[in-house]
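Q: Next up, coords.tsv (TSV, N, CA and C atoms and all ligand atoms).
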chain	number	residue	atom	x	y	z
W	1	MET	N	-43.29	4.14	-38.44
W	1	MET	CA	-43.18	5.12	-37.36
W	1	MET	C	-43.64	4.47	-36.06
W	2	TRP	N	-42.94	4.76	-35.02
W	2	TRP	CA	-43.29	4.26	-33.70
W	2	TRP	C	-44.00	5.33	-32.90
W	3	THR	N	-44.99	4.92	-32.13
W	3	THR	CA	-45.69	5.88	-31.27
W	3	THR	C	-45.70	5.35	-29.83
W	4	ARG	N	-45.66	6.29	-28.90
W	4	ARG	CA	-45.69	5.94	-27.48
W	4	ARG	C	-47.12	6.07	-26.99
W	5	GLU	N	-47.62	5.02	-26.34
W	5	GLU	CA	-48.97	5.03	-25.80
W	5	GLU	C	-48.98	5.68	-24.42
W	6	ALA	N	-50.16	5.96	-23.91
W	6	ALA	CA	-50.29	6.64	-22.62
W	6	ALA	C	-49.59	5.88	-21.49
W	7	ASP	N	-49.56	4.54	-21.57
W	7	ASP	CA	-48.93	3.76	-20.50
W	7	ASP	C	-47.41	3.64	-20.67
W	8	GLY	N	-46.87	4.21	-21.76
W	8	GLY	CA	-45.43	4.16	-22.00
W	8	GLY	C	-45.01	3.08	-22.98
W	9	SER	N	-45.93	2.20	-23.37
W	9	SER	CA	-45.61	1.18	-24.36
W	9	SER	C	-45.36	1.85	-25.71
W	10	VAL	N	-44.52	1.24	-26.54
W	10	VAL	CA	-44.20	1.79	-27.86
W	10	VAL	C	-44.71	0.81	-28.92
W	11	ILE	N	-45.46	1.36	-29.90
W	11	ILE	CA	-46.10	0.55	-30.94
W	11	ILE	C	-45.51	0.93	-32.30
W	12	ASP	N	-45.25	-0.09	-33.14
W	12	ASP	CA	-44.86	0.15	-34.52
W	12	ASP	C	-46.16	0.28	-35.32
W	13	GLU	N	-46.46	1.47	-35.80
W	13	GLU	CA	-47.73	1.70	-36.49
W	13	GLU	C	-47.86	0.88	-37.77
W	14	ALA	N	-46.75	0.63	-38.45
W	14	ALA	CA	-46.81	-0.11	-39.71
W	14	ALA	C	-47.26	-1.56	-39.52
W	15	THR	N	-46.82	-2.17	-38.42
W	15	THR	CA	-47.14	-3.58	-38.20
W	15	THR	C	-48.16	-3.79	-37.09
W	16	GLY	N	-48.34	-2.77	-36.26
W	16	GLY	CA	-49.22	-2.89	-35.10
W	16	GLY	C	-48.58	-3.63	-33.95
W	17	LYS	N	-47.31	-4.01	-34.10
W	17	LYS	CA	-46.63	-4.77	-33.05
W	17	LYS	C	-46.14	-3.87	-31.93
W	18	ILE	N	-46.11	-4.43	-30.75
W	18	ILE	CA	-45.59	-3.72	-29.59
W	18	ILE	C	-44.07	-3.86	-29.61
W	19	ILE	N	-43.38	-2.74	-29.67
W	19	ILE	CA	-41.93	-2.74	-29.70
W	19	ILE	C	-41.37	-2.75	-28.28
W	20	PHE	N	-42.08	-2.07	-27.38
W	20	PHE	CA	-41.66	-1.98	-25.98
W	20	PHE	C	-42.90	-2.02	-25.10
W	21	PHE	N	-42.89	-2.92	-24.12
W	21	PHE	CA	-44.00	-3.02	-23.17
W	21	PHE	C	-43.70	-2.15	-21.96
W	22	SER	N	-44.66	-1.32	-21.53
W	22	SER	CA	-44.52	-0.67	-20.22
W	22	SER	C	-44.59	-1.77	-19.17
W	23	THR	N	-44.08	-1.49	-18.00
W	23	THR	CA	-44.14	-2.48	-16.92
W	23	THR	C	-45.59	-2.87	-16.64
W	24	GLU	N	-46.46	-1.87	-16.57
W	24	GLU	CA	-47.88	-2.13	-16.28
W	24	GLU	C	-48.50	-3.04	-17.34
W	25	ARG	N	-48.23	-2.74	-18.60
W	25	ARG	CA	-48.80	-3.54	-19.68
W	25	ARG	C	-48.23	-4.95	-19.68
W	26	PHE	N	-46.93	-5.07	-19.43
W	26	PHE	CA	-46.30	-6.40	-19.40
W	26	PHE	C	-46.92	-7.26	-18.30
W	27	VAL	N	-47.08	-6.66	-17.12
W	27	VAL	CA	-47.66	-7.42	-16.00
W	27	VAL	C	-49.10	-7.83	-16.33
W	28	ASN	N	-49.90	-6.86	-16.81
W	28	ASN	CA	-51.31	-7.15	-17.07
W	28	ASN	C	-51.53	-8.09	-18.25
W	29	ASP	N	-50.83	-7.85	-19.36
W	29	ASP	CA	-51.09	-8.62	-20.58
W	29	ASP	C	-50.34	-9.95	-20.63
W	30	ILE	N	-49.11	-9.96	-20.11
W	30	ILE	CA	-48.27	-11.15	-20.25
W	30	ILE	C	-48.27	-11.99	-18.96
W	31	CYS	N	-47.92	-11.36	-17.84
W	31	CYS	CA	-47.81	-12.13	-16.59
W	31	CYS	C	-49.17	-12.59	-16.08
W	32	LEU	N	-50.14	-11.70	-16.07
W	32	LEU	CA	-51.46	-12.03	-15.54
W	32	LEU	C	-52.45	-12.41	-16.64
W	33	GLY	N	-52.16	-12.00	-17.87
W	33	GLY	CA	-53.05	-12.27	-19.00
W	33	GLY	C	-52.60	-13.46	-19.81
W	34	ASP	N	-53.09	-13.52	-21.03
W	34	ASP	CA	-52.73	-14.66	-21.89
W	34	ASP	C	-52.32	-14.20	-23.28
W	35	CYS	N	-51.73	-13.00	-23.34
W	35	CYS	CA	-51.24	-12.48	-24.62
W	35	CYS	C	-49.91	-13.12	-24.97
W	36	CYS	N	-49.55	-13.04	-26.26
W	36	CYS	CA	-48.27	-13.56	-26.72
W	36	CYS	C	-47.15	-12.87	-25.95
W	37	PHE	N	-46.24	-13.64	-25.37
W	37	PHE	CA	-45.22	-13.05	-24.52
W	37	PHE	C	-44.15	-12.30	-25.32
W	38	ILE	N	-44.19	-12.40	-26.65
W	38	ILE	CA	-43.22	-11.68	-27.47
W	38	ILE	C	-43.82	-10.43	-28.09
W	39	CYS	N	-44.93	-10.59	-28.80
W	39	CYS	CA	-45.48	-9.44	-29.54
W	39	CYS	C	-46.70	-8.82	-28.87
W	40	GLY	N	-47.27	-9.48	-27.89
W	40	GLY	CA	-48.42	-8.93	-27.18
W	40	GLY	C	-49.76	-9.18	-27.84
W	41	ALA	N	-49.79	-9.96	-28.93
W	41	ALA	CA	-51.07	-10.26	-29.59
W	41	ALA	C	-52.02	-10.93	-28.61
W	42	LYS	N	-53.29	-10.61	-28.77
W	42	LYS	CA	-54.31	-11.20	-27.90
W	42	LYS	C	-54.80	-12.53	-28.48
W	43	GLN	N	-55.12	-13.47	-27.59
W	43	GLN	CA	-55.70	-14.75	-28.02
W	43	GLN	C	-56.96	-14.44	-28.81
W	44	GLY	N	-57.15	-15.11	-29.93
W	44	GLY	CA	-58.32	-14.90	-30.76
W	44	GLY	C	-58.06	-13.94	-31.91
W	45	GLU	N	-57.03	-13.08	-31.78
W	45	GLU	CA	-56.71	-12.15	-32.87
W	45	GLU	C	-55.90	-12.85	-33.95
W	46	LYS	N	-55.14	-13.86	-33.56
W	46	LYS	CA	-54.33	-14.61	-34.50
W	46	LYS	C	-54.11	-16.00	-33.95
W	47	GLU	N	-53.50	-16.86	-34.77
W	47	GLU	CA	-53.28	-18.24	-34.36
W	47	GLU	C	-52.25	-18.31	-33.23
W	48	PHE	N	-52.53	-19.09	-32.23
W	48	PHE	CA	-51.61	-19.34	-31.13
W	48	PHE	C	-51.24	-20.81	-31.10
W	49	ASN	N	-49.98	-21.12	-30.81
W	49	ASN	CA	-49.62	-22.52	-30.60
W	49	ASN	C	-48.72	-22.69	-29.37
W	50	ASN	N	-48.52	-21.63	-28.67
W	50	ASN	CA	-47.79	-21.61	-27.40
W	50	ASN	C	-46.36	-22.13	-27.50
W	51	GLU	N	-45.52	-21.59	-26.66
W	51	GLU	CA	-44.10	-21.87	-26.68
W	51	GLU	C	-43.72	-22.71	-25.47
W	52	HIS	N	-43.04	-23.83	-25.72
W	52	HIS	CA	-42.53	-24.62	-24.60
W	52	HIS	C	-41.40	-23.85	-23.92
W	53	ILE	N	-41.45	-23.76	-22.62
W	53	ILE	CA	-40.40	-23.04	-21.89
W	53	ILE	C	-39.07	-23.73	-22.09
W	54	LEU	N	-39.07	-25.05	-22.01
W	54	LEU	CA	-37.90	-25.82	-22.43
W	54	LEU	C	-38.21	-26.29	-23.84
W	55	PRO	N	-37.38	-25.96	-24.82
W	55	PRO	CA	-37.69	-26.24	-26.22
W	55	PRO	C	-38.03	-27.71	-26.48
W	56	GLU	N	-38.92	-27.91	-27.44
W	56	GLU	CA	-39.35	-29.28	-27.77
W	56	GLU	C	-38.18	-30.17	-28.17
W	57	TRP	N	-37.20	-29.61	-28.90
W	57	TRP	CA	-36.06	-30.45	-29.32
W	57	TRP	C	-35.31	-30.97	-28.11
W	58	LEU	N	-35.26	-30.18	-27.03
W	58	LEU	CA	-34.59	-30.60	-25.81
W	58	LEU	C	-35.41	-31.68	-25.09
W	59	LEU	N	-36.73	-31.49	-25.06
W	59	LEU	CA	-37.61	-32.49	-24.44
W	59	LEU	C	-37.54	-33.81	-25.20
W	60	ARG	N	-37.48	-33.71	-26.54
W	60	ARG	CA	-37.38	-34.91	-27.38
W	60	ARG	C	-36.03	-35.61	-27.16
W	61	ARG	N	-34.98	-34.83	-27.15
W	61	ARG	CA	-33.62	-35.40	-27.03
W	61	ARG	C	-33.46	-36.17	-25.71
W	62	PHE	N	-34.06	-35.64	-24.65
W	62	PHE	CA	-33.91	-36.28	-23.33
W	62	PHE	C	-35.17	-37.00	-22.88
W	63	ASN	N	-36.12	-37.18	-23.81
W	63	ASN	CA	-37.34	-37.94	-23.55
W	63	ASN	C	-38.06	-37.44	-22.29
W	64	LEU	N	-38.33	-36.15	-22.27
W	64	LEU	CA	-38.90	-35.52	-21.07
W	64	LEU	C	-40.39	-35.20	-21.17
W	65	PHE	N	-41.02	-35.41	-22.33
W	65	PHE	CA	-42.40	-34.96	-22.51
W	65	PHE	C	-43.33	-35.44	-21.40
W	66	ASP	N	-43.19	-36.66	-20.95
W	66	ASP	CA	-44.10	-37.21	-19.94
W	66	ASP	C	-43.58	-37.04	-18.51
W	67	ARG	N	-42.39	-36.51	-18.37
W	67	ARG	CA	-41.82	-36.31	-17.04
W	67	ARG	C	-42.37	-35.02	-16.44
W	68	VAL	N	-42.13	-34.82	-15.15
W	68	VAL	CA	-42.68	-33.67	-14.42
W	68	VAL	C	-41.53	-32.84	-13.87
W	69	ILE	N	-41.68	-31.52	-13.95
W	69	ILE	CA	-40.72	-30.61	-13.37
W	69	ILE	C	-41.35	-29.99	-12.12
W	70	THR	N	-40.55	-29.86	-11.07
W	70	THR	CA	-41.01	-29.18	-9.85
W	70	THR	C	-40.46	-27.76	-9.87
W	71	LEU	N	-41.37	-26.81	-9.84
W	71	LEU	CA	-40.99	-25.39	-9.89
W	71	LEU	C	-40.54	-24.91	-8.52
W	72	THR	N	-39.94	-23.74	-8.47
W	72	THR	CA	-39.41	-23.23	-7.20
W	72	THR	C	-40.50	-22.98	-6.16
W	73	ASN	N	-41.75	-22.82	-6.62
W	73	ASN	CA	-42.85	-22.63	-5.65
W	73	ASN	C	-43.45	-23.95	-5.19
W	74	GLY	N	-42.87	-25.07	-5.63
W	74	GLY	CA	-43.35	-26.39	-5.22
W	74	GLY	C	-44.37	-26.99	-6.17
W	75	ALA	N	-44.90	-26.19	-7.08
W	75	ALA	CA	-45.88	-26.72	-8.04
W	75	ALA	C	-45.17	-27.66	-9.02
W	76	THR	N	-45.92	-28.63	-9.50
W	76	THR	CA	-45.35	-29.54	-10.49
W	76	THR	C	-46.11	-29.39	-11.81
W	77	VAL	N	-45.37	-29.51	-12.90
W	77	VAL	CA	-45.95	-29.36	-14.24
W	77	VAL	C	-45.31	-30.40	-15.15
W	78	GLN	N	-46.13	-31.05	-15.95
W	78	GLN	CA	-45.59	-31.97	-16.95
W	78	GLN	C	-44.85	-31.12	-17.99
W	79	TYR	N	-43.65	-31.55	-18.36
W	79	TYR	CA	-42.85	-30.78	-19.31
W	79	TYR	C	-43.63	-30.44	-20.58
W	80	SER	N	-44.42	-31.37	-21.08
W	80	SER	CA	-45.15	-31.14	-22.33
W	80	SER	C	-46.18	-30.03	-22.19
W	81	ARG	N	-46.58	-29.72	-20.96
W	81	ARG	CA	-47.58	-28.67	-20.72
W	81	ARG	C	-46.96	-27.41	-20.13
W	82	TYR	N	-45.64	-27.38	-20.02
W	82	TYR	CA	-44.95	-26.24	-19.43
W	82	TYR	C	-44.69	-25.24	-20.56
W	83	THR	N	-45.69	-24.38	-20.82
W	83	THR	CA	-45.65	-23.49	-21.96
W	83	THR	C	-46.07	-22.07	-21.57
W	84	LEU	N	-45.76	-21.16	-22.47
W	84	LEU	CA	-46.19	-19.77	-22.36
W	84	LEU	C	-47.07	-19.45	-23.56
W	85	PRO	N	-48.07	-18.57	-23.39
W	85	PRO	CA	-48.84	-18.16	-24.55
W	85	PRO	C	-47.93	-17.49	-25.59
W	86	CYS	N	-48.02	-17.95	-26.81
W	86	CYS	CA	-47.18	-17.42	-27.90
W	86	CYS	C	-47.93	-17.60	-29.21
W	87	CYS	N	-47.94	-16.56	-30.03
W	87	CYS	CA	-48.62	-16.69	-31.32
W	87	CYS	C	-47.76	-17.54	-32.26
W	88	ALA	N	-48.40	-18.11	-33.26
W	88	ALA	CA	-47.70	-19.00	-34.18
W	88	ALA	C	-46.59	-18.28	-34.93
W	89	ASP	N	-46.82	-17.00	-35.28
W	89	ASP	CA	-45.79	-16.24	-36.01
W	89	ASP	C	-44.53	-16.08	-35.16
W	90	CYS	N	-44.68	-15.66	-33.92
W	90	CYS	CA	-43.52	-15.47	-33.04
W	90	CYS	C	-42.85	-16.81	-32.74
W	91	ASN	N	-43.66	-17.85	-32.54
W	91	ASN	CA	-43.10	-19.17	-32.26
W	91	ASN	C	-42.27	-19.67	-33.43
W	92	SER	N	-42.76	-19.46	-34.66
W	92	SER	CA	-42.02	-19.88	-35.85
W	92	SER	C	-40.72	-19.08	-35.98
W	93	LEU	N	-40.82	-17.79	-35.75
W	93	LEU	CA	-39.64	-16.93	-35.86
W	93	LEU	C	-38.57	-17.35	-34.85
W	94	MET	N	-38.99	-17.61	-33.62
W	94	MET	CA	-38.02	-18.05	-32.60
W	94	MET	C	-37.42	-19.40	-32.97
W	95	GLY	N	-38.24	-20.28	-33.53
W	95	GLY	CA	-37.73	-21.58	-33.95
W	95	GLY	C	-36.67	-21.44	-35.03
W	96	ASP	N	-36.95	-20.59	-36.02
W	96	ASP	CA	-36.02	-20.41	-37.13
W	96	ASP	C	-34.74	-19.69	-36.70
W	97	GLU	N	-34.89	-18.66	-35.87
W	97	GLU	CA	-33.76	-17.79	-35.55
W	97	GLU	C	-32.94	-18.24	-34.34
W	98	ILE	N	-33.58	-18.94	-33.42
W	98	ILE	CA	-32.88	-19.28	-32.17
W	98	ILE	C	-32.82	-20.79	-31.94
W	99	GLU	N	-33.98	-21.44	-31.88
W	99	GLU	CA	-34.01	-22.84	-31.44
W	99	GLU	C	-33.34	-23.79	-32.42
W	100	ARG	N	-33.64	-23.66	-33.71
W	100	ARG	CA	-33.05	-24.59	-34.68
W	100	ARG	C	-31.53	-24.44	-34.74
W	101	PRO	N	-31.00	-23.21	-34.90
W	101	PRO	CA	-29.53	-23.08	-34.92
W	101	PRO	C	-28.89	-23.58	-33.63
W	102	LEU	N	-29.53	-23.31	-32.50
W	102	LEU	CA	-28.96	-23.75	-31.22
W	102	LEU	C	-29.01	-25.27	-31.09
W	103	SER	N	-30.12	-25.88	-31.48
W	103	SER	CA	-30.23	-27.33	-31.37
W	103	SER	C	-29.23	-28.02	-32.31
W	104	GLU	N	-29.05	-27.45	-33.52
W	104	GLU	CA	-28.08	-28.03	-34.45
W	104	GLU	C	-26.66	-27.91	-33.90
W	105	ALA	N	-26.37	-26.76	-33.28
W	105	ALA	CA	-25.04	-26.55	-32.73
W	105	ALA	C	-24.77	-27.50	-31.56
W	106	ILE	N	-25.74	-27.66	-30.71
W	106	ILE	CA	-25.54	-28.54	-29.56
W	106	ILE	C	-25.47	-30.00	-30.00
W	107	SER	N	-26.34	-30.37	-30.94
W	107	SER	CA	-26.32	-31.76	-31.44
W	107	SER	C	-25.06	-32.05	-32.24
W	108	GLY	N	-24.48	-31.03	-32.86
W	108	GLY	CA	-23.32	-31.22	-33.72
W	108	GLY	C	-21.99	-31.25	-33.01
W	109	GLY	N	-22.00	-31.06	-31.70
W	109	GLY	CA	-20.76	-31.13	-30.95
W	109	GLY	C	-19.99	-29.81	-30.96
W	110	LEU	N	-18.76	-29.87	-30.49
W	110	LEU	CA	-17.96	-28.66	-30.28
W	110	LEU	C	-17.74	-27.87	-31.56
W	111	ASP	N	-17.42	-28.53	-32.66
W	111	ASP	CA	-17.17	-27.81	-33.92
W	111	ASP	C	-18.41	-27.02	-34.36
W	112	ALA	N	-19.58	-27.63	-34.27
W	112	ALA	CA	-20.82	-26.95	-34.66
W	112	ALA	C	-21.11	-25.78	-33.72
W	113	LEU	N	-20.81	-25.95	-32.46
W	113	LEU	CA	-21.03	-24.87	-31.49
W	113	LEU	C	-20.08	-23.70	-31.78
W	114	ILE	N	-18.84	-24.00	-32.09
W	114	ILE	CA	-17.88	-22.94	-32.43
W	114	ILE	C	-18.33	-22.20	-33.69
W	115	GLU	N	-18.84	-22.93	-34.67
W	115	GLU	CA	-19.33	-22.29	-35.90
W	115	GLU	C	-20.49	-21.35	-35.60
W	116	LEU	N	-21.39	-21.76	-34.73
W	116	LEU	CA	-22.53	-20.90	-34.37
W	116	LEU	C	-22.02	-19.64	-33.69
W	117	ILE	N	-21.08	-19.79	-32.79
W	117	ILE	CA	-20.54	-18.62	-32.08
W	117	ILE	C	-19.88	-17.67	-33.07
W	118	LYS	N	-19.14	-18.21	-34.04
W	118	LYS	CA	-18.50	-17.35	-35.05
W	118	LYS	C	-19.54	-16.59	-35.88
W	119	LYS	N	-20.67	-17.26	-36.21
W	119	LYS	CA	-21.72	-16.62	-37.00
W	119	LYS	C	-22.41	-15.49	-36.25
W	120	THR	N	-22.48	-15.59	-34.93
W	120	THR	CA	-23.24	-14.61	-34.16
W	120	THR	C	-22.38	-13.43	-33.70
W	121	ARG	N	-21.11	-13.46	-34.02
W	121	ARG	CA	-20.26	-12.32	-33.63
W	121	ARG	C	-20.49	-11.12	-34.50
I	201	ZN	ZN	-46.53	-13.06	-31.10
Starting from the file, give its structure as structure tokens.
Ligand SMILES: [Zn+2]

A:
Amino acid sequence: MWTREADGSVIDEATGKIIFFSTERFVNDICLGDCCFICGAKQGEKEFNNEHILPEWLLRRFNLFDRVITLTNGATVQYSRYTLPCCADCNSLMGDEIERPLSEAISGGLDALIELIKKTR
């Protein structure tokens, strides 16, 4: 069963996961805080390993780990440190469901990419 909190966020009572973040909660917990950007878990409540904004397979493929990216605000960040707070569970799920299939499709050329598109229809 899902319940709506006073701030408008929606919680799955069975898992305790946040199904929908209110704008206020998203800004406070994710943008300004250090909670998992997917499920909202707080640091210290569970294991965190953070998510690379540009996937590790992409950094590895183009040897970017030690290179620096310049952000639109002029700040520079080493690619290897360009991450978002993410719990290990969400990071693993994203790796299995999104990053691995996408990296295999891109690495496999046009035929592999077409197969991925057919699977996701
Ligand atoms: Zn999470």

Q: How close does each residue of chain W get to ligand ZN 201 (chain I), giving the shortest atom pair and distance in Å to one decimal for every residue with an atom at most 8 Å away, counting only N, CA and C atoms and all ligand atoms, sorted by chain and residue number, as a tab-separated table?

A:
residue	atom	partner	partner_atom	distance
W:Cys35	C	I:ZN201	ZN	7.0
W:Cys36	CA	I:ZN201	ZN	4.7
W:Phe37	N	I:ZN201	ZN	5.8
W:Ile38	C	I:ZN201	ZN	4.8
W:Cys39	N	I:ZN201	ZN	3.7
W:Gly40	N	I:ZN201	ZN	4.9
W:Ala41	N	I:ZN201	ZN	5.0
W:Lys42	N	I:ZN201	ZN	7.6
W:Pro85	C	I:ZN201	ZN	7.2
W:Cys86	C	I:ZN201	ZN	5.1
W:Cys87	N	I:ZN201	ZN	3.9
W:Ala88	N	I:ZN201	ZN	5.8
W:Asp89	C	I:ZN201	ZN	5.4
W:Cys90	N	I:ZN201	ZN	4.3
W:Asn91	N	I:ZN201	ZN	5.8

Q: Would you give the centre and edge lengths, in Å to one decimal, of a box along x, y and z around the listed atoms of stretch 75-84 of chain W, with 5 Å added to each side, as AutoDock Vina command-line options?

A:
--center_x -45.2 --center_y -25.7 --center_z -15.3 --size_x 14.7 --size_y 22.5 --size_z 26.5

Q: Which polymer residues have any atom within 6.5 Å of an atom of W:Phe21, counting only N, CA and C atoms, with same-chain residues fewer than 5 positions away left out, as a ChimeraX atom specification?

A: /W:8-10,26

Q: Compile the contact shell of W:Tyr79 as a list in words: residues with an atom at most 6.5 Å away, counting only N, CA and C atoms, same-chain residues fewer than 5 positions apart removed.

A: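 My list of contacting residues is Leu64, Phe65, Asp66, Arg67, Val68 and Ile69 of chain W.
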
Q: For the atom pair atom CA of W:Leu113 and atom C of W:Pro101, what is the interatomic distance in Å to one decimal place?

A: 8.2 Å

Q: From chain W, collect each residue whose DSSP state is strand (DSSP E or B) and return the set as a tab-separated table (two decimals) with N, CA and C atoms, in the frame of the given file.

A:
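That gives us part.tsv:
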chain	number	residue	atom	x	y	z
W	2	TRP	N	-42.94	4.76	-35.02
W	2	TRP	CA	-43.29	4.26	-33.70
W	2	TRP	C	-44.00	5.33	-32.90
W	3	THR	N	-44.99	4.92	-32.13
W	3	THR	CA	-45.69	5.88	-31.27
W	3	THR	C	-45.70	5.35	-29.83
W	4	ARG	N	-45.66	6.29	-28.90
W	4	ARG	CA	-45.69	5.94	-27.48
W	4	ARG	C	-47.12	6.07	-26.99
W	10	VAL	N	-44.52	1.24	-26.54
W	10	VAL	CA	-44.20	1.79	-27.86
W	10	VAL	C	-44.71	0.81	-28.92
W	11	ILE	N	-45.46	1.36	-29.90
W	11	ILE	CA	-46.10	0.55	-30.94
W	11	ILE	C	-45.51	0.93	-32.30
W	12	ASP	N	-45.25	-0.09	-33.14
W	12	ASP	CA	-44.86	0.15	-34.52
W	12	ASP	C	-46.16	0.28	-35.32
W	18	ILE	N	-46.11	-4.43	-30.75
W	18	ILE	CA	-45.59	-3.72	-29.59
W	18	ILE	C	-44.07	-3.86	-29.61
W	19	ILE	N	-43.38	-2.74	-29.67
W	19	ILE	CA	-41.93	-2.74	-29.70
W	19	ILE	C	-41.37	-2.75	-28.28
W	20	PHE	N	-42.08	-2.07	-27.38
W	20	PHE	CA	-41.66	-1.98	-25.98
W	20	PHE	C	-42.90	-2.02	-25.10
W	43	GLN	N	-55.12	-13.47	-27.59
W	43	GLN	CA	-55.70	-14.75	-28.02
W	43	GLN	C	-56.96	-14.44	-28.81
W	46	LYS	N	-55.14	-13.86	-33.56
W	46	LYS	CA	-54.33	-14.61	-34.50
W	46	LYS	C	-54.11	-16.00	-33.95
W	48	PHE	N	-52.53	-19.09	-32.23
W	48	PHE	CA	-51.61	-19.34	-31.13
W	48	PHE	C	-51.24	-20.81	-31.10
W	51	GLU	N	-45.52	-21.59	-26.66
W	51	GLU	CA	-44.10	-21.87	-26.68
W	51	GLU	C	-43.72	-22.71	-25.47
W	52	HIS	N	-43.04	-23.83	-25.72
W	52	HIS	CA	-42.53	-24.62	-24.60
W	52	HIS	C	-41.40	-23.85	-23.92
W	68	VAL	N	-42.13	-34.82	-15.15
W	68	VAL	CA	-42.68	-33.67	-14.42
W	68	VAL	C	-41.53	-32.84	-13.87
W	69	ILE	N	-41.68	-31.52	-13.95
W	69	ILE	CA	-40.72	-30.61	-13.37
W	69	ILE	C	-41.35	-29.99	-12.12
W	70	THR	N	-40.55	-29.86	-11.07
W	70	THR	CA	-41.01	-29.18	-9.85
W	70	THR	C	-40.46	-27.76	-9.87
W	76	THR	N	-45.92	-28.63	-9.50
W	76	THR	CA	-45.35	-29.54	-10.49
W	76	THR	C	-46.11	-29.39	-11.81
W	77	VAL	N	-45.37	-29.51	-12.90
W	77	VAL	CA	-45.95	-29.36	-14.24
W	77	VAL	C	-45.31	-30.40	-15.15
W	78	GLN	N	-46.13	-31.05	-15.95
W	78	GLN	CA	-45.59	-31.97	-16.95
W	78	GLN	C	-44.85	-31.12	-17.99
W	83	THR	N	-45.69	-24.38	-20.82
W	83	THR	CA	-45.65	-23.49	-21.96
W	83	THR	C	-46.07	-22.07	-21.57
W	84	LEU	N	-45.76	-21.16	-22.47
W	84	LEU	CA	-46.19	-19.77	-22.36
W	84	LEU	C	-47.07	-19.45	-23.56
W	87	CYS	N	-47.94	-16.56	-30.03
W	87	CYS	CA	-48.62	-16.69	-31.32
W	87	CYS	C	-47.76	-17.54	-32.26

Q: Using only N, CA and C atoms, which of W:Asp96, W:Glu51, W:Glu104, W:Asp111 sits nearest W:Thr83?

A: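 Checking each of W:Asp96, W:Glu51, W:Glu104, W:Asp111 against W:Thr83, counting only N, CA and C atoms, the winner is W:Glu51.
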
Q: Tell me which protein, DNA and RNA residues are within 12 Å of W:Ser22, counting only C-alpha atoms, leaving out same-chain ones fewer than 3 positions away, and put them as a list in words.

A: Arg4, Glu5, Ala6, Asp7, Gly8, Ser9, Val10, Ile11, Ile18, Ile19, Arg25, Phe26, Val27, Asn28, Asp29, Ile30 and Gly40 of chain W

Q: From the list W:Leu116, W:Ile53, W:Leu58, W:Leu102, which residue is nearest W:Tyr82 when using only N, CA and C atoms?

A: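 Ranked by minimum distance to W:Tyr82, first place goes to W:Ile53.
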
Q: Which of these residues is nearest to W:Asn49, using only N, CA and C atoms: W:Ile114, W:Ile98, W:Ile106, W:Leu84?

A: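 Distance minimum relative to W:Asn49 lands on W:Leu84.
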
Q: What's the separation between atom C of W:Asn50 and atom CA of W:Gly95, in Å to one decimal place?

A: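 Between atom C of W:Asn50 and atom CA of W:Gly95 the gap is 10.8 Å.
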
Q: Hey, can you check how far atom C of W:Gly44 sits from atom C of W:Lys17?

A: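 Atom-to-atom, atom C of W:Gly44 and atom C of W:Lys17 are spaced 15.6 Å apart.
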